[in-house]
Each structure stands twice: as C-alpha cells, then as structure tokens.
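What follows is data_19.txt (compact mmCIF, C-alpha atoms).
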```txt
# COMPACT_ATOMS: atom_id res chain seq x y z
CA MET A 92 57.07 37.09 -49.79
CA THR A 93 53.63 37.13 -51.41
CA THR A 94 52.94 38.34 -54.92
CA ALA A 95 49.84 40.50 -55.50
CA ASN A 96 47.28 39.23 -57.99
CA PRO A 97 47.39 41.54 -61.07
CA GLU A 98 43.60 41.35 -61.49
CA GLN A 99 43.06 42.36 -57.85
CA SER A 100 45.48 45.29 -58.29
CA ARG A 101 43.59 46.55 -61.34
CA THR A 102 40.26 46.20 -59.53
CA ALA A 103 41.60 48.04 -56.49
CA GLY A 104 42.96 50.80 -58.74
CA ARG A 105 39.58 51.23 -60.37
CA SER A 106 37.78 51.37 -57.04
CA THR A 107 40.15 53.84 -55.34
CA ALA A 108 40.88 56.20 -58.23
CA PRO A 109 37.74 57.68 -59.81
CA GLY A 110 37.76 57.78 -63.61
CA TRP A 111 37.69 60.93 -65.63
CA PHE A 112 34.00 60.35 -66.42
CA THR A 113 33.10 60.28 -62.73
CA VAL A 114 35.09 63.46 -62.09
CA LEU A 115 33.41 65.18 -65.03
CA ARG A 116 29.96 64.09 -63.89
CA GLU A 117 30.60 65.37 -60.37
CA ALA A 118 31.79 68.71 -61.78
CA LEU A 119 28.69 69.03 -63.97
CA ASP A 120 26.42 68.23 -61.04
CA ARG A 121 27.60 71.25 -59.06
CA PRO A 122 24.94 73.96 -58.69
CA LEU A 123 27.04 76.74 -60.27
CA THR A 124 28.30 74.76 -63.26
CA SER A 125 25.84 76.24 -65.78
CA TYR A 126 26.50 79.75 -64.48
CA TYR A 127 30.28 79.46 -64.80
CA LEU A 128 30.09 77.74 -68.20
CA LEU A 129 27.90 80.51 -69.60
CA LEU A 130 30.09 83.23 -68.11
CA GLY A 131 33.39 81.66 -69.17
CA ALA A 132 32.40 80.66 -72.72
CA SER A 133 30.81 84.05 -73.42
CA ALA A 134 33.86 85.92 -72.11
CA LEU A 135 36.25 83.80 -74.18
CA LEU A 136 34.19 84.26 -77.36
CA LEU A 137 34.04 88.00 -76.79
CA THR A 138 37.82 88.15 -76.26
CA ILE A 139 38.52 86.09 -79.37
CA GLY A 140 36.10 88.33 -81.27
CA LEU A 141 37.92 91.51 -80.25
CA ILE A 142 41.29 90.03 -81.26
CA MET A 143 39.96 88.89 -84.62
CA VAL A 144 38.15 92.19 -85.32
CA LEU A 145 41.43 94.00 -84.65
CA SER A 146 43.31 91.70 -87.02
CA ALA A 147 40.68 91.36 -89.77
CA SER A 148 39.82 95.08 -89.91
CA SER A 149 43.30 96.59 -89.70
CA VAL A 150 43.86 96.85 -93.47
CA TYR A 151 40.29 98.03 -94.13
CA SER A 152 40.55 100.65 -91.38
CA PHE A 153 43.88 101.99 -92.62
CA GLU A 154 42.70 102.23 -96.24
CA ASN A 155 39.51 104.09 -95.30
CA THR A 156 40.58 106.23 -92.33
CA GLY A 157 44.38 106.17 -92.14
CA ASP A 158 44.16 104.51 -88.71
CA SER A 159 44.46 100.71 -88.43
CA TYR A 160 42.51 100.72 -85.15
CA THR A 161 39.37 102.63 -86.23
CA VAL A 162 37.05 99.61 -86.44
CA VAL A 163 38.29 97.89 -83.29
CA LYS A 164 37.95 101.16 -81.36
CA ARG A 165 34.28 101.26 -82.37
CA GLN A 166 33.90 97.63 -81.35
CA LEU A 167 35.46 98.38 -77.97
CA LEU A 168 32.92 101.19 -77.56
CA TRP A 169 30.09 98.74 -78.22
CA VAL A 170 31.63 96.30 -75.74
CA ALA A 171 31.78 99.12 -73.18
CA ILE A 172 28.03 99.58 -73.73
CA GLY A 173 27.15 95.89 -73.99
CA LEU A 174 28.90 94.56 -70.89
CA PRO A 175 27.19 96.91 -68.39
CA THR A 176 23.93 96.21 -70.20
CA ALA A 177 24.46 92.45 -69.80
CA TRP A 178 25.37 92.88 -66.11
CA LEU A 179 22.28 95.01 -65.47
CA VAL A 180 20.01 92.57 -67.32
CA SER A 181 21.40 89.64 -65.32
CA ARG A 182 20.47 91.42 -62.04
CA LEU A 183 17.02 92.77 -62.90
CA PRO A 184 14.03 90.73 -61.65
CA GLN A 185 12.05 88.66 -64.11
CA ARG A 186 8.86 90.62 -63.54
CA PHE A 187 10.60 93.72 -64.92
CA PHE A 188 11.09 92.07 -68.34
CA ARG A 189 7.62 90.58 -68.41
CA ARG A 190 6.08 94.01 -67.95
CA LEU A 191 7.96 95.26 -70.99
CA VAL A 192 7.40 92.40 -73.44
CA TRP A 193 4.33 93.84 -75.16
CA PRO A 194 5.74 97.40 -75.42
CA GLY A 195 9.02 95.88 -76.64
CA TYR A 196 7.22 93.86 -79.30
CA VAL A 197 5.29 96.91 -80.54
CA VAL A 198 8.43 99.10 -80.58
CA SER A 199 10.33 96.45 -82.55
CA LEU A 200 7.54 96.33 -85.15
CA VAL A 201 7.55 100.12 -85.42
CA LEU A 202 11.31 100.12 -85.95
CA LEU A 203 10.99 97.44 -88.63
CA VAL A 204 8.30 99.45 -90.41
CA LEU A 205 10.48 102.57 -90.28
CA THR A 206 13.40 100.56 -91.63
CA ALA A 207 11.33 99.23 -94.54
CA LYS A 208 10.25 102.80 -95.40
CA PHE A 209 13.25 104.98 -94.50
CA GLY A 210 16.08 102.48 -94.10
CA VAL A 211 19.52 102.68 -95.67
CA ASP A 212 20.32 100.19 -98.44
CA ILE A 213 23.69 98.48 -97.86
CA ASN A 214 24.84 95.63 -100.12
CA GLY A 215 21.31 95.13 -101.43
CA ASN A 216 19.72 94.84 -97.96
CA LYS A 217 17.57 97.67 -96.63
CA ASN A 218 18.01 96.73 -93.00
CA TRP A 219 19.75 99.77 -91.45
CA LEU A 220 17.91 102.69 -89.83
CA PRO A 221 19.65 106.04 -89.23
CA LEU A 222 18.87 107.55 -85.82
CA GLY A 223 20.78 110.82 -85.65
CA PRO A 224 24.53 110.11 -85.68
CA VAL A 225 23.99 106.37 -85.15
CA VAL A 226 22.85 103.78 -87.70
CA ILE A 227 21.24 100.70 -86.13
CA GLN A 228 19.90 97.39 -87.38
CA PRO A 229 16.43 97.05 -85.79
CA ALA A 230 16.11 93.39 -86.78
CA GLU A 231 18.77 92.51 -84.22
CA ILE A 232 16.77 94.21 -81.47
CA ALA A 233 13.62 92.51 -82.75
CA LYS A 234 15.16 89.06 -82.19
CA VAL A 235 15.39 89.61 -78.43
CA ALA A 236 11.99 91.34 -78.27
CA LEU A 237 10.25 88.54 -80.16
CA ILE A 238 11.80 85.79 -78.02
CA LEU A 239 10.79 87.46 -74.74
CA TRP A 240 7.31 88.27 -76.06
CA ALA A 241 6.70 84.69 -77.24
CA ALA A 242 8.10 83.26 -73.98
CA HIS A 243 5.77 85.51 -71.96
CA VAL A 244 2.72 84.53 -74.00
CA TYR A 245 3.49 80.81 -73.79
CA ALA A 246 4.28 81.02 -70.05
CA ARG A 247 0.86 82.57 -69.37
CA LYS A 248 -0.82 79.81 -71.42
CA ASP A 249 1.41 77.00 -70.17
CA ARG A 250 -1.43 74.73 -69.04
CA ARG A 251 -3.40 75.25 -72.25
CA LEU A 252 -0.65 74.42 -74.73
CA GLY A 253 -2.15 71.03 -75.45
CA ASP A 254 -4.59 72.90 -77.70
CA LEU A 255 -3.11 73.76 -81.12
CA HIS A 256 -5.01 77.05 -81.20
CA HIS A 257 -3.22 78.27 -78.08
CA VAL A 258 0.12 77.09 -79.50
CA LEU A 259 -0.35 79.10 -82.69
CA MET A 260 -2.15 82.23 -81.50
CA PRO A 261 -0.92 84.95 -81.27
CA VAL A 262 2.75 83.92 -81.49
CA VAL A 263 2.84 82.59 -85.05
CA PRO A 264 1.01 85.54 -86.68
CA GLY A 265 3.05 87.98 -84.58
CA MET A 266 6.38 86.44 -85.58
CA LEU A 267 5.36 86.09 -89.22
CA LEU A 268 4.44 89.79 -89.26
CA ALA A 269 7.91 90.74 -88.00
CA THR A 270 9.54 88.33 -90.47
CA GLY A 271 7.52 89.81 -93.32
CA LEU A 272 8.71 93.31 -92.44
CA VAL A 273 12.32 92.07 -92.53
CA VAL A 274 11.70 90.46 -95.92
CA LEU A 275 10.45 93.83 -97.22
CA GLY A 276 13.98 95.09 -96.60
CA HIS A 277 15.34 92.19 -98.68
CA ASP A 278 17.21 90.81 -95.64
CA LEU A 279 16.68 87.13 -96.36
CA GLY A 280 19.32 85.96 -93.86
CA THR A 281 17.74 87.67 -90.84
CA ALA A 282 14.30 86.50 -91.99
CA LEU A 283 15.55 82.90 -91.92
CA VAL A 284 16.91 83.40 -88.38
CA LEU A 285 13.54 84.77 -87.22
CA PHE A 286 11.80 81.82 -88.85
CA ALA A 287 14.17 79.43 -87.06
CA ILE A 288 13.37 81.13 -83.75
CA MET A 289 9.66 80.68 -84.41
CA LEU A 290 10.10 76.97 -85.19
CA GLY A 291 12.26 76.52 -82.09
CA MET A 292 9.64 78.12 -79.86
CA LEU A 293 6.92 75.96 -81.41
CA TRP A 294 9.01 72.83 -80.88
CA VAL A 295 9.68 73.51 -77.20
CA VAL A 296 5.97 74.08 -76.48
CA GLY A 297 5.03 70.81 -78.18
CA ALA A 298 3.61 71.71 -81.60
CA PRO A 299 2.74 68.61 -83.70
CA ALA A 300 5.39 67.29 -86.11
CA ARG A 301 3.17 67.68 -89.17
CA PHE A 302 3.08 71.42 -88.56
CA PHE A 303 6.87 71.64 -88.97
CA GLY A 304 6.71 69.82 -92.29
CA LEU A 305 4.12 72.29 -93.53
CA CYS A 306 6.16 75.29 -92.33
CA LEU A 307 9.36 74.06 -93.94
CA SER A 308 7.57 73.45 -97.24
CA ILE A 309 6.09 76.95 -97.21
CA VAL A 310 9.37 78.65 -96.32
CA GLY A 311 11.17 76.70 -99.04
CA VAL A 312 8.75 78.01 -101.66
CA VAL A 313 8.98 81.56 -100.29
CA VAL A 314 12.80 81.52 -100.24
CA ILE A 315 12.96 80.32 -103.85
CA PHE A 316 10.46 83.00 -104.90
CA LEU A 317 12.35 85.79 -103.09
CA ALA A 318 15.64 84.59 -104.53
CA SER A 319 14.20 84.68 -108.06
CA THR A 320 13.26 88.37 -107.64
CA SER A 321 16.92 89.38 -107.26
CA PRO A 322 19.42 88.31 -109.97
CA GLU A 323 22.36 88.79 -107.59
CA ARG A 324 20.73 86.72 -104.83
CA LEU A 325 19.70 84.01 -107.31
CA ALA A 326 23.25 83.79 -108.64
CA ARG A 327 24.63 83.42 -105.11
CA ILE A 328 22.16 80.65 -104.28
CA THR A 329 22.74 78.71 -107.49
CA ASN A 330 26.54 79.01 -107.32
CA PHE A 331 27.20 78.50 -103.60
CA ALA A 332 27.97 74.77 -103.95
CA ASP A 333 30.82 75.56 -106.39
CA PRO A 334 31.98 79.16 -105.87
CA PHE A 335 34.93 78.62 -108.22
CA LYS A 336 32.51 78.21 -111.14
CA ASP A 337 31.95 81.97 -111.12
CA PHE A 338 35.14 82.93 -109.30
CA HIS A 339 35.37 86.54 -110.54
CA ASP A 340 31.75 87.45 -109.80
CA THR A 341 29.33 85.86 -107.30
CA GLY A 342 31.85 83.22 -106.25
CA TRP A 343 34.57 85.72 -105.31
CA GLN A 344 33.72 86.07 -101.61
CA PRO A 345 33.05 82.39 -100.75
CA ALA A 346 36.04 81.26 -102.84
CA HIS A 347 38.43 83.55 -100.99
CA GLY A 348 36.85 82.44 -97.71
CA LEU A 349 37.76 78.86 -98.63
CA TYR A 350 41.27 80.00 -99.60
CA ALA A 351 41.65 81.55 -96.15
CA LEU A 352 40.53 78.42 -94.35
CA SER A 353 42.63 76.09 -96.50
CA THR A 354 45.86 78.05 -95.91
CA GLY A 355 45.32 78.04 -92.13
CA GLY A 356 46.26 74.40 -91.68
CA TRP A 357 46.16 72.92 -88.19
CA PHE A 358 47.48 75.87 -86.18
CA GLY A 359 47.13 78.82 -88.55
CA GLN A 360 49.48 81.44 -89.92
CA GLY A 361 49.50 83.40 -86.67
CA ILE A 362 47.44 86.35 -85.44
CA GLY A 363 47.73 89.25 -87.87
CA ALA A 364 49.23 87.11 -90.65
CA SER A 365 46.09 86.71 -92.81
CA GLN A 366 46.66 87.40 -96.51
CA GLN A 367 43.01 87.38 -97.59
CA LYS A 368 42.16 90.44 -95.47
CA TRP A 369 44.39 92.56 -97.77
CA GLY A 370 41.46 93.38 -100.03
CA ASP A 371 40.69 89.95 -101.53
CA LEU A 372 38.04 88.91 -98.99
CA PRO A 373 35.04 91.28 -98.73
CA GLU A 374 33.49 91.79 -95.27
CA ALA A 375 36.51 90.17 -93.63
CA HIS A 376 35.71 91.68 -90.21
CA THR A 377 31.93 91.11 -90.33
CA ASP A 378 30.23 88.24 -92.14
CA PHE A 379 33.45 86.40 -93.09
CA ILE A 380 35.47 86.86 -89.91
CA PHE A 381 35.37 83.07 -89.37
CA ALA A 382 37.47 82.67 -92.54
CA VAL A 383 40.15 85.05 -91.22
CA LEU A 384 40.01 83.25 -87.87
CA GLY A 385 40.63 79.94 -89.62
CA GLU A 386 43.51 81.39 -91.62
CA GLU A 387 45.23 82.88 -88.58
CA LEU A 388 44.36 80.34 -85.86
CA GLY A 389 43.92 77.23 -88.01
CA LEU A 390 41.60 74.29 -87.52
CA VAL A 391 42.32 74.34 -83.78
CA GLY A 392 41.04 77.92 -83.52
CA THR A 393 37.87 77.26 -85.51
CA LEU A 394 37.08 74.15 -83.46
CA LEU A 395 37.66 76.12 -80.26
CA VAL A 396 35.12 78.75 -81.34
CA ILE A 397 32.56 76.09 -82.26
CA ALA A 398 33.20 74.31 -78.93
CA LEU A 399 32.58 77.56 -77.03
CA PHE A 400 29.26 78.06 -78.81
CA LEU A 401 28.28 74.47 -78.02
CA THR A 402 29.27 75.06 -74.39
CA ILE A 403 26.88 78.02 -74.23
CA ALA A 404 24.14 75.88 -75.77
CA PHE A 405 24.81 73.00 -73.36
CA ALA A 406 24.76 75.23 -70.27
CA ALA A 407 21.68 77.16 -71.39
CA ILE A 408 19.73 73.98 -72.16
CA ARG A 409 20.63 72.73 -68.66
CA VAL A 410 19.11 75.93 -67.25
CA ALA A 411 15.98 75.48 -69.38
CA ARG A 412 15.71 71.81 -68.41
CA ASP A 413 16.15 72.26 -64.67
CA THR A 414 13.95 75.32 -64.13
CA LYS A 415 10.35 75.09 -62.97
CA ASP A 416 9.51 78.51 -64.39
CA PRO A 417 7.97 78.22 -67.90
CA PHE A 418 9.04 81.76 -68.86
CA VAL A 419 12.68 80.95 -68.08
CA ARG A 420 12.41 77.70 -70.03
CA TYR A 421 10.91 79.24 -73.16
CA ALA A 422 13.06 82.39 -73.16
CA THR A 423 16.29 80.43 -72.63
CA PHE A 424 15.50 77.95 -75.36
CA GLY A 425 14.56 80.73 -77.78
CA ILE A 426 17.89 82.48 -77.16
CA VAL A 427 19.76 79.20 -77.71
CA VAL A 428 17.97 78.64 -81.04
CA TRP A 429 18.77 82.20 -82.12
CA LEU A 430 22.49 82.11 -81.30
CA MET A 431 23.15 78.54 -82.46
CA GLY A 432 21.08 78.99 -85.63
CA GLN A 433 22.92 82.19 -86.52
CA MET A 434 26.27 80.57 -85.77
CA MET A 435 25.51 77.60 -88.03
CA ILE A 436 24.28 79.82 -90.88
CA ASN A 437 27.38 82.03 -90.70
CA ILE A 438 29.83 79.14 -90.58
CA GLY A 439 27.86 77.36 -93.30
CA MET A 440 28.28 80.45 -95.52
CA VAL A 441 32.02 80.55 -94.96
CA LEU A 442 32.37 76.82 -95.67
CA ALA A 443 30.29 77.22 -98.87
CA LEU A 444 27.68 74.84 -97.45
CA LEU A 445 25.06 77.61 -97.58
CA PRO A 446 24.57 80.65 -99.83
CA VAL A 447 26.07 83.97 -98.76
CA ILE A 448 23.13 85.76 -97.11
CA GLY A 449 24.87 88.26 -94.85
CA ILE A 450 24.66 86.91 -91.30
CA PRO A 451 27.27 87.92 -88.66
CA LEU A 452 28.89 85.47 -86.24
CA PRO A 453 27.51 86.27 -82.75
CA LEU A 454 30.02 87.80 -80.30
CA VAL A 455 32.83 87.53 -82.86
CA SER A 456 31.87 89.66 -85.90
CA TYR A 457 32.12 93.44 -85.84
CA GLY A 458 28.92 95.40 -85.26
CA GLY A 459 27.23 97.00 -82.29
CA SER A 460 23.69 96.34 -83.51
CA SER A 461 24.42 92.62 -83.22
CA LEU A 462 26.81 92.65 -80.25
CA VAL A 463 24.77 94.63 -77.70
CA PRO A 464 21.51 92.59 -78.08
CA THR A 465 23.55 89.38 -78.01
CA LEU A 466 25.29 90.38 -74.78
CA ALA A 467 21.97 91.44 -73.28
CA ALA A 468 20.42 88.07 -74.18
CA LEU A 469 23.36 86.17 -72.67
CA GLY A 470 23.14 88.36 -69.58
CA LEU A 471 19.51 87.34 -69.27
CA VAL A 472 20.37 83.63 -69.45
CA ILE A 473 23.26 84.09 -66.98
CA GLY A 474 20.81 85.80 -64.63
CA PHE A 475 18.44 82.84 -64.95
CA ALA A 476 21.33 80.48 -64.14
CA ARG A 477 22.44 82.39 -61.04
CA ARG A 478 18.86 82.62 -59.71
CA GLU A 479 18.25 78.88 -59.75
CA PRO A 480 17.59 77.90 -56.10
CA GLU A 481 20.70 75.74 -55.63
CA ALA A 482 22.92 78.19 -57.52
CA ALA A 483 21.56 81.12 -55.50
CA ARG A 484 22.30 79.27 -52.23
CA ALA A 485 25.82 78.41 -53.40
CA LEU A 486 26.51 82.03 -54.36
CA ALA A 487 25.14 83.22 -51.00
CA GLN A 488 27.46 80.81 -49.17
CA LYS A 489 30.43 82.08 -51.18
CA ARG A 490 29.54 85.68 -50.29
CA ARG A 491 29.19 84.82 -46.60
CA ALA A 492 32.51 82.97 -46.61
CA ARG A 493 34.20 85.91 -48.34
CA SER A 494 32.71 88.38 -45.87
CA ALA A 495 33.80 86.21 -42.94
CA GLY A 496 37.33 86.02 -44.36
CA LEU A 497 37.50 89.79 -44.79
CA ALA A 498 36.20 90.32 -41.26
CA ALA A 499 38.79 87.93 -39.87
CA GLY A 500 41.51 89.79 -41.72
CA ARG A 501 40.55 93.01 -39.96
CA VAL A 502 40.96 91.53 -36.46
CA PRO A 503 44.08 93.04 -34.81
CA GLY A 504 46.99 90.67 -34.86
CA GLN A 505 45.43 88.40 -37.55
CA GLY A 506 47.32 87.77 -40.75
CA ARG A 507 50.51 89.46 -39.50
```
Take the structure in the file and give it back as structure tokens.
Amino acid sequence: MTTANPEQSRTAGRSTAPGWFTVLREALDRPLTSYYLLLGASALLLTIGLIMVLSASSVYSFENTGDSYTVVKRQLLWVAIGLPTAWLVSRLPQRFFRRLVWPGYVVSLVLLVLTAKFGVDINGNKNWLPLGPVVIQPAEIAKVALILWAAHVYARKDRRLGDLHHVLMPVVPGMLLATGLVVLGHDLGTALVLFAIMLGMLWVVGAPARFFGLCLSIVGVVVIFLASTSPERLARITNFADPFKDFHDTGWQPAHGLYALSTGGWFGQGIGASQQKWGDLPEAHTDFIFAVLGEELGLVGTLLVIALFLTIAFAAIRVARDTKDPFVRYATFGIVVWLMGQMMINIGMVLALLPVIGIPLPLVSYGGSSLVPTLAALGLVIGFARREPEAARALAQKRRARSAGLAAGRVPGQGR
C-alpha cells in the first residue's frame, strides 16, 4: 500500500478546486455583472429606505396627523412615481437625453431663480418651491440636469480636452452659476454637493492638479464667509467636533444622533425599537435617518448600507471604464460623484465628523424631491449598463432562450 505525499495532495487540491478569488473574478467578468449589481444594490437600498422611513417617521406622523403611516404613504407614492420613471429612462435612447440637455439646464436655472425669489424658507434654507399643491426642491432636479449637460458638452469636445480652455468653458461658469443660485437660498449643503460634482467632472476629463488646489482654497474661503453670515450655521460648524459642548442648543441633533448609533451595538435594538425617534432626534426620517438605522439595525445594518452604496459605485465605475462612448463615461462618473459625495456628507453629519448642513441620504431618507431624481439617475446608469455590447448580447440570448422555452411548453404533449 502506497502513501500519498502530503505536498502533492495539497498541490492537486489547489489545481482542481478553484479558490474563492478565481470564482469571484470569473463572476465579475461576466457581461451582465455591472447591470445586476446596479439593479440589486439599488433595489435593496430602496427597500431598506422604505422600512426605515416607516419606522423613523411613525411617531412624527402620529403626533402631527393621528396616523402613524402618513409619511411612509407619501414615500410609497414617490416610489410609485420614481420606479416607472427609472424604468422609462433606462429604455430611452441616448440621443433623446442629449437633445434635452440644454433645455434641461435652462429650466433648472429658471427653477433655481424662482426658488431664490419665491421659495419657502424651511429650517433656515430657502430651497423649496411651491408649485400648486406640491412643494419641490429644484436643486435636486438641477443635479441631474447639470451632470447630463456637462457630460454632453465634454463628449462633444472630447478630442479637444487637452486644452484647458475647453475643459473650463462653458462647464465651470455654468455650474458655478447654478451653485451661486443655490447659495442665495442659504442651502450650503446642496451647494457643496454641486461643487463636488463640478470637481468630479473636471477630474474625469483631465483638468490639471493645480486647478483643484485653487478651487478647494476658494471654496474654503467662501464656506467660512457664508458660515459667518449666519450665527446658527456658524455655531453648528464650530461645535460639530464636540456636539456635547452645547448639548441643549446646536449640539442637540448631532448628540442624539450619536446616542442612537451608540445604543445600536452590533445588531441593533430591532426594527421599530428606536428610542431617539420619540421626539429627541430632529429630522429622524430625513437627514438623520442613518442614526435611526444604526440604532435599530446596529453596526451590521450601517455597514450593509455603506456596502450597497459602494457596490453601486463599483458597478457604475466599471460601466464608465469599459464604455467607448464619452457621454456615457462622463455622465456615469458624474452620477457616481453625486451619490457617493452626498452619502459621505450625510453619514459624516450623523457621525459628527462634519457639520449638520441638511443633506438627505440618497434612496434611504424621506423626500420625493430627492428620491425621484435619484431613481431616474440610477435608471440612466442601469440603461447604460444593459446597452453595453456584450451585456446587450447576453440579454438577447436570455430572451431567445426564454421564448424558446415558452414555445416548447406550448407543444402538445410537452411538459405533461
């Protein structure tokens, strides 16, 4: 009887059984991977968002309307509008959007001007515009319009982007104009998101590094100046690092957000079991929904949400990297910068790493003005992913196989 060499057995095991890394790489190399990652991560975030809006808003809804489901019903209405919009956007041809980019840019500027002049002031920010029975936030619409407009301009000048003049004009003045109109409404948080989008677009088209240093220096001075014009905003900025220093005033919201996160532990108190939503935590279902999520779902839940956002970013960057169409590349990257930048600012606020500047968590926080444009933007990226040549062929093969299976099932005597 012969005894096998242990080293040979280990070598044979390695050669016959592929490692987890090889399996993962093969899965990522499939043509529909980006499409399914975008679709799955977006759907999971939206589902988690609906659950958390229901939980975080129940007390607020009951106190204000006598019905614990008032806010989540409104959110479901916005979802019912946003999902068909996302589906339609994912199916429309690219040329349709490119025809509308200039009108969309002009309309967004008009809405921002109307907001600065006739907008409704809520919590110190004049960023809401009443349109009949509906009150919208035009800055959220402007984010999508600006990204598509800049992507269209850069795509048309793709071969001339080695010249700094073509990199800057007209995108930088156009975006700064929109950002300035948002600043007129004292919405510093949205202005920072628009500025991040502008820097992201400039980076992807190859703007020189010294330009970013200059931009960051200018925006730092402007932010400090704008903060100094509002005592409340200045207090929030100076106290954000230690919210407990002014616990009963400007530190109240971030301090209770930290309380919520700290009591969540590893696995949370359970859905619906948040204590901070009972009046102690302002904006529990909007800007600070991540704190309630951490209290009810724990560290595991918060890490899951962050992982889903990173999955969207990973899949979208794959689409932008693999495409040969400059418009798809620039538009996809701009949407990634918008969503990831807004996510980081919101979570930074809740963790007291950034001042409280009123930014919702995409797909999770309550609000139709944010949710519908976000779903439309994700629908656009999902459409880009499914129209990639290899992905389109794979989807066509799946449809043919499904049709063949259905036809076979209709043959008399088959499947009985």
**Request:** Name the residues in contact with stretch 142-155 of chain A at a cut-off of 10 Å, using all atoms listed in the file, excluding same-chain residues fewer than 4 positions from it; report them as a PyMOL selection string.
**Result:** chain A and resi 136-138+159-164+166-167+362-370+372-377+379-384+387-388+455-458
**Complete:** In Å and to one decimal, atom CA of A:Val396 is distant from atom CA of A:Pro453 by 10.8 Å
**Prompt:** Could you list as an MDAnalysis selection string every residue that has an atom within 7 Å of (21.0, 90.4, -66.8), using the file's coordinates and counting all atoms listed in the file?
**Reply:** chainID A and resid 177:183 467 470:471 473:474
Writing out the chosen residues with C-alpha atoms as a PDB file, in the coordinates of the input:
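Resulting contents of out_25.pdb:
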```
ATOM      1  CA  ALA A 177      24.460  92.450 -69.800  1.00  0.00           C
ATOM      2  CA  TRP A 178      25.370  92.880 -66.110  1.00  0.00           C
ATOM      3  CA  LEU A 179      22.280  95.010 -65.470  1.00  0.00           C
ATOM      4  CA  VAL A 180      20.010  92.570 -67.320  1.00  0.00           C
ATOM      5  CA  SER A 181      21.400  89.640 -65.320  1.00  0.00           C
ATOM      6  CA  ARG A 182      20.470  91.420 -62.040  1.00  0.00           C
ATOM      7  CA  LEU A 183      17.020  92.770 -62.900  1.00  0.00           C
ATOM      8  CA  ALA A 467      21.970  91.440 -73.280  1.00  0.00           C
ATOM      9  CA  GLY A 470      23.140  88.360 -69.580  1.00  0.00           C
ATOM     10  CA  LEU A 471      19.510  87.340 -69.270  1.00  0.00           C
ATOM     11  CA  ILE A 473      23.260  84.090 -66.980  1.00  0.00           C
ATOM     12  CA  GLY A 474      20.810  85.800 -64.630  1.00  0.00           C
TER      13      GLY A 474
END
```
Per residue of stretch 386-447 of chain A within 9 Å of stretch 479-499 of chain A, record the nearest atom pair and its distance in Å to one decimal, counting all atoms listed in the file, with rows in chain order and ascending residue number, as a Markdown table.
```
| residue | atom | partner | partner_atom | distance |
| --- | --- | --- | --- | --- |
| A:Val410 | CA | A:Glu479 | CA | 8.1 |
| A:Asp413 | CA | A:Glu479 | CA | 8.5 |
| A:Thr414 | CA | A:Glu479 | CA | 7.1 |
```
Please save C-alpha atoms of the selected residues as an mmCIF file, keeping the file's coordinate frame.
```
data_model
loop_
_atom_site.group_PDB
_atom_site.id
_atom_site.type_symbol
_atom_site.label_atom_id
_atom_site.label_comp_id
_atom_site.auth_asym_id
_atom_site.auth_seq_id
_atom_site.Cartn_x
_atom_site.Cartn_y
_atom_site.Cartn_z
ATOM 1 C CA VAL A 410 19.110 75.930 -67.250
ATOM 2 C CA ASP A 413 16.150 72.260 -64.670
ATOM 3 C CA THR A 414 13.950 75.320 -64.130
#
```
**Item:** Who sits within 10 Å of stretch 417-420 of chain A, only C-alpha atoms, same chain under 3 positions skipped, as a PyMOL selection string
**Value:** chain A and resi 185+189+239-249+295-296+407-414+423-425+471-472+475-476
**Prompt:** Hey, can you check how far atom CA of A:Gly449 sits from atom CA of A:Gly348?
**Reply:** 13.6 Å
**Asked** Could you work out how far atom CA of A:Val441 lies from atom CA of A:Lys336, giving the answer in Å with one decimal?
**Response** 16.4 Å
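The nearest approach to A:Tyr127 among the residues A:Ile448, A:Thr206, A:Pro229, A:Ile403, with only C-alpha atoms taken into account, belongs to A:Ile403.
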Any chance you could work out the axis-aligned box around stretch 284-302 of chain A, listed atoms only, 3 Å on each side, giving centre and edge lengths in Å to one decimal, as AutoDock Vina command-line options?
```
--center_x 9.8 --center_y 76.0 --center_z -82.8 --size_x 20.2 --size_y 23.5 --size_z 18.7
```
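When all atoms listed in the file are used to measure the gap to A:Gly385, the shortest distance among A:Leu352, A:Leu305, A:Val310, A:Met440 belongs to A:Leu352.
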